[in-house]
Every structure is written in structure tokens, then in C-alpha cells.
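Step one of this worksheet: look at the structure below.
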Amino acid sequence: MAKAEEKVSFLQRLKQIGMVFKFTAKQDKWFTPLVVAAVVLPLAITVAIFLYTGAWIWIPLGILTTLLAVLIVLNLRSNTAMMNMMEGQPGAAGQLVEQMRGDWRVKQAVSATTQFDVVHLVIGKPGVILLAEGNPARLKPLLGEQKRRLTKVIGDAPLYDYIIGTEEGQLSIRKLRMTLMRLPRNLSGKEVNALDRALTALNARPQMPRGQLPKEFRPPRMPRGGGRQR
């Protein structure tokens, strides 16, 4: 199902903006100086124009311009701070897509290894998308396995796959949002719903992660001789 739009009150919106301010100021050392500049420069220009012309109309215009400048700085720097924090974090790609606007159905970690290499499944208007995070050498078999499973179900729906990373041939998480938004819209809403149902049923059975299991998850050893003790 598509994500429902939640109504947010004015006070809740102000609280969210305050939280973003605190987060960005903590992560980005340039944020506070840029906010100060976004406040001081428009107000200084407004005061100068008012003193020169004497027209009161410049006061509200100057205040609105100042608020707009602060919001622009907040938007740009908060996105940068978020990308810096998410880069290299396991599961970051799936979380980022879940926060995107639009009809994106994210199924986190449909395939994984014990070394925290994961493949996320995304269903949307472009088709089916596989996002892989981790070691490329271990991810390629996981991607190949997922492609073989999916092609039996998705029919003619387009299938895209990306390895998230900063090396050559990989997709940077900073470019993930824009890359997905630029994909062609190949499916209708009904087709997306049908794909979602089919792939939910396909992934209903959990898969064991590949690789050596940690000690606490290994079965106990049987006594030597294999026979039942009397």
C-alpha cells in the first residue's frame, strides 16, 4: 500500500524544524555561521533600503527574505549532514528510499550474509530495484541469486540493480535519491500493487544468512559415537 500522508500541526512542524536545526548544527561546523550570514545580510540590506527610501514595505519583505534564506541554508546543509552520517552505514540505502516521497515499497534485507552484506528490494513505478550494501565480492552472488528468484515472478517488469558505495562502478548514496527519481515510470499503480503482493509472498519464507554462523547460533555438538546415551 502507498504511504499515507500524515497531517502535521503547526507546532509539530516547528518542533521538527528545531530538531533538524540541532542535528545539523551538531554534524556541520559551517551550519551556524551560514545561518548567521543568512540572517544578518538580508536584514542589513533591508535596513539600508528602509533608511534610504523610508518605505515601510521593505520591513516585511526583508523579514520574509531572511526566513527564506535561513530555510534554504537549513535544507541544503541538513541534507549534506544526513548523507555524511548515512554513508557507509549498513541499511542506509533502504532507510533513505523509505523516506523518499512517492510510492516506493521497500523490503529491507531480503538477502544477507553474516558479514552484514545486505540486498534490499524496492518496488516502485520504475519497476523492481535491488540495492546492495557491503563487500562487492560477496554481494555479486547475492544479487545473482535474487535476480534468478525475481525473474520467475516479475514477468516483463524492468529490473534494476545497484551496489551502493564510493568505488568505480558503484552508486554513491548521495546520488541514490536522484538516480531513482530519474528512472522512467514503467508501471501503473495497479501493476505496482500486483508486484508488491507477488514479491511479498515470494519473500515470506525467511532465508538464512550466508557465511559462518556466530557461536551462539550454532547447534550443540552431539556426543561422540552418535548413539543415544543410556
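By convention here, the chains of the C-alpha cells are called A, B, ... in the order presented, each chain's residues are numbered starting at 1, and ligands are numbered starting at 1 in the order presented.
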- Message: From a backbone DSSP assignment, name each residue in range 3-227 of chain A labelled alpha helix (DSSP H), as an MDAnalysis selection string.
- Response: chainID A and resid 10:27 31:53 58:86 92:98 136:151 173:181 189:202
- Item | Shell around Pro141 in chain A at 12 Å using only C-alpha atoms, local window under 6 positions removed, as JSON, numbers by chain | {"A": [111, 112, 113, 117, 118, 119, 132, 135, 147, 148, 210]}
Test item: residues at most 12 Å from Leu64 in chain A, only C-alpha atoms, excluding those fewer than 6 positions along its chain, as a PDB file with N, CA and C atoms, in the first residue's frame:
```pdb
ATOM      1  N   ALA A  38      22.905  34.220   6.793  1.00  0.00           N
ATOM      2  CA  ALA A  38      21.592  34.279   6.142  1.00  0.00           C
ATOM      3  C   ALA A  38      20.640  35.221   6.857  1.00  0.00           C
ATOM      4  N   VAL A  39      20.888  35.468   8.151  1.00  0.00           N
ATOM      5  CA  VAL A  39      20.049  36.394   8.911  1.00  0.00           C
ATOM      6  C   VAL A  39      20.567  37.825   8.795  1.00  0.00           C
ATOM      7  N   PRO A  42      20.471  39.782   4.784  1.00  0.00           N
ATOM      8  CA  PRO A  42      19.192  40.337   4.324  1.00  0.00           C
ATOM      9  C   PRO A  42      18.672  41.462   5.216  1.00  0.00           C
ATOM     10  N   LEU A  43      18.840  41.305   6.552  1.00  0.00           N
ATOM     11  CA  LEU A  43      18.356  42.353   7.447  1.00  0.00           C
ATOM     12  C   LEU A  43      19.149  43.639   7.278  1.00  0.00           C
ATOM     13  N   THR A  46      17.957  45.244   4.164  1.00  0.00           N
ATOM     14  CA  THR A  46      16.613  45.791   4.381  1.00  0.00           C
ATOM     15  C   THR A  46      16.669  47.111   5.138  1.00  0.00           C
ATOM     16  N   ILE A  57       7.261  49.211   3.506  1.00  0.00           N
ATOM     17  CA  ILE A  57       7.012  47.939   2.838  1.00  0.00           C
ATOM     18  C   ILE A  57       8.252  47.049   2.834  1.00  0.00           C
ATOM     19  N   TRP A  58       9.435  47.669   2.942  1.00  0.00           N
ATOM     20  CA  TRP A  58      10.672  46.898   2.909  1.00  0.00           C
ATOM     21  C   TRP A  58      10.883  46.070   4.183  1.00  0.00           C
ATOM     22  N   VAL A  70      17.214  31.471   5.531  1.00  0.00           N
ATOM     23  CA  VAL A  70      17.521  30.512   6.598  1.00  0.00           C
ATOM     24  C   VAL A  70      17.023  29.121   6.229  1.00  0.00           C
ATOM     25  N   LEU A  71      15.808  29.026   5.663  1.00  0.00           N
ATOM     26  CA  LEU A  71      15.260  27.722   5.279  1.00  0.00           C
ATOM     27  C   LEU A  71      16.070  27.085   4.158  1.00  0.00           C
TER      28      LEU A  71
END
```
List as a compact mmCIF listing (two decimals) with all heavy atoms, in the first residue's frame the protein and nucleic acid residues near Val47 in chain A, meaning an atom at most 12 Å away when only C-alpha atoms are counted, but skip any in the same chain fewer than 4 places from it.
```txt
# COMPACT_ATOMS: atom_id res chain seq x y z
N VAL A 40 21.87 38.00 8.97
CA VAL A 40 22.46 39.34 9.05
C VAL A 40 22.41 40.07 7.71
O VAL A 40 22.01 41.25 7.64
CB VAL A 40 23.90 39.27 9.57
CG1 VAL A 40 24.58 40.63 9.46
CG2 VAL A 40 23.91 38.78 11.01
N LEU A 41 22.79 39.39 6.62
CA LEU A 41 22.89 40.07 5.33
C LEU A 41 21.54 40.60 4.83
O LEU A 41 21.44 41.79 4.48
CB LEU A 41 23.52 39.13 4.30
CG LEU A 41 25.01 38.83 4.51
CD1 LEU A 41 25.51 37.86 3.45
CD2 LEU A 41 25.84 40.10 4.49
N PRO A 42 20.47 39.78 4.78
CA PRO A 42 19.19 40.34 4.32
C PRO A 42 18.67 41.46 5.22
O PRO A 42 18.12 42.46 4.72
CB PRO A 42 18.25 39.13 4.34
CG PRO A 42 19.13 37.94 4.28
CD PRO A 42 20.37 38.33 5.02
N LEU A 43 18.84 41.30 6.55
CA LEU A 43 18.36 42.35 7.45
C LEU A 43 19.15 43.64 7.28
O LEU A 43 18.57 44.75 7.32
CB LEU A 43 18.42 41.87 8.90
CG LEU A 43 17.41 40.80 9.31
CD1 LEU A 43 17.59 40.45 10.77
CD2 LEU A 43 15.98 41.25 9.03
N LEU A 51 16.19 52.98 5.36
CA LEU A 51 16.73 54.30 5.73
C LEU A 51 16.86 55.20 4.51
O LEU A 51 16.72 56.43 4.61
CB LEU A 51 18.09 54.13 6.42
CG LEU A 51 18.05 53.45 7.80
CD1 LEU A 51 19.46 53.26 8.32
CD2 LEU A 51 17.19 54.24 8.78
N TYR A 52 17.12 54.59 3.35
CA TYR A 52 17.29 55.40 2.14
C TYR A 52 15.95 55.83 1.56
O TYR A 52 15.80 56.98 1.10
CB TYR A 52 18.08 54.59 1.11
CG TYR A 52 18.33 55.34 -0.17
CD1 TYR A 52 19.29 56.33 -0.25
CD2 TYR A 52 17.58 55.04 -1.33
CE1 TYR A 52 19.53 57.02 -1.45
CE2 TYR A 52 17.80 55.70 -2.50
CZ TYR A 52 18.78 56.70 -2.56
OH TYR A 52 19.00 57.38 -3.73
N THR A 53 14.96 54.92 1.58
CA THR A 53 13.68 55.22 0.93
C THR A 53 12.61 55.67 1.93
O THR A 53 11.68 56.39 1.56
CB THR A 53 13.16 53.99 0.18
OG1 THR A 53 12.92 52.92 1.11
CG2 THR A 53 14.18 53.53 -0.87
N GLY A 54 12.70 55.18 3.17
CA GLY A 54 11.67 55.49 4.15
C GLY A 54 10.38 54.72 3.95
O GLY A 54 9.38 54.99 4.63
N ALA A 55 10.36 53.73 3.05
CA ALA A 55 9.16 52.96 2.76
C ALA A 55 9.08 51.76 3.70
O ALA A 55 9.99 50.92 3.73
CB ALA A 55 9.18 52.48 1.30
N TRP A 56 7.97 51.67 4.47
CA TRP A 56 7.80 50.59 5.44
C TRP A 56 7.61 49.22 4.79
O TRP A 56 7.78 48.19 5.44
CB TRP A 56 6.61 50.90 6.34
CG TRP A 56 6.90 52.00 7.31
CD1 TRP A 56 6.61 53.33 7.17
CD2 TRP A 56 7.56 51.87 8.56
NE1 TRP A 56 7.04 54.04 8.25
CE2 TRP A 56 7.63 53.16 9.14
CE3 TRP A 56 8.11 50.80 9.27
CZ2 TRP A 56 8.23 53.40 10.37
CZ3 TRP A 56 8.69 51.03 10.50
CH2 TRP A 56 8.75 52.32 11.05
N ILE A 57 7.26 49.21 3.51
CA ILE A 57 7.01 47.94 2.84
C ILE A 57 8.25 47.05 2.83
O ILE A 57 8.16 45.82 2.76
CB ILE A 57 6.52 48.19 1.38
CG1 ILE A 57 6.07 46.87 0.73
CG2 ILE A 57 7.63 48.82 0.56
CD1 ILE A 57 4.92 46.20 1.40
N TRP A 58 9.44 47.67 2.94
CA TRP A 58 10.67 46.90 2.91
C TRP A 58 10.88 46.07 4.18
O TRP A 58 11.61 45.08 4.16
CB TRP A 58 11.87 47.82 2.68
CG TRP A 58 11.90 48.39 1.30
CD1 TRP A 58 11.56 49.65 0.92
CD2 TRP A 58 12.27 47.69 0.11
NE1 TRP A 58 11.69 49.81 -0.45
CE2 TRP A 58 12.12 48.61 -0.97
CE3 TRP A 58 12.71 46.40 -0.18
CZ2 TRP A 58 12.41 48.26 -2.28
CZ3 TRP A 58 13.00 46.05 -1.49
CH2 TRP A 58 12.83 46.98 -2.52
N ILE A 59 10.26 46.45 5.28
CA ILE A 59 10.44 45.71 6.53
C ILE A 59 9.88 44.30 6.44
O ILE A 59 10.60 43.32 6.68
CB ILE A 59 9.82 46.48 7.71
CG1 ILE A 59 10.46 47.87 7.86
CG2 ILE A 59 9.96 45.68 9.00
CD1 ILE A 59 11.94 47.82 8.15
N PRO A 60 8.58 44.11 6.10
CA PRO A 60 8.07 42.73 5.98
C PRO A 60 8.76 41.95 4.86
O PRO A 60 8.98 40.74 4.99
CB PRO A 60 6.57 42.91 5.70
CG PRO A 60 6.43 44.32 5.22
CD PRO A 60 7.50 45.10 5.90
N LEU A 61 9.10 42.65 3.77
CA LEU A 61 9.81 41.96 2.69
C LEU A 61 11.18 41.47 3.16
O LEU A 61 11.61 40.37 2.82
CB LEU A 61 9.98 42.90 1.48
CG LEU A 61 8.71 43.19 0.67
CD1 LEU A 61 9.01 44.18 -0.45
CD2 LEU A 61 8.15 41.89 0.08
N GLY A 62 11.85 42.28 3.96
CA GLY A 62 13.15 41.88 4.49
C GLY A 62 13.04 40.70 5.44
O GLY A 62 13.89 39.78 5.42
N ILE A 63 11.99 40.68 6.26
CA ILE A 63 11.79 39.56 7.20
C ILE A 63 11.51 38.27 6.44
O ILE A 63 12.07 37.20 6.75
CB ILE A 63 10.65 39.88 8.17
CG1 ILE A 63 11.05 41.06 9.07
CG2 ILE A 63 10.29 38.66 9.00
CD1 ILE A 63 9.93 41.54 9.97
```
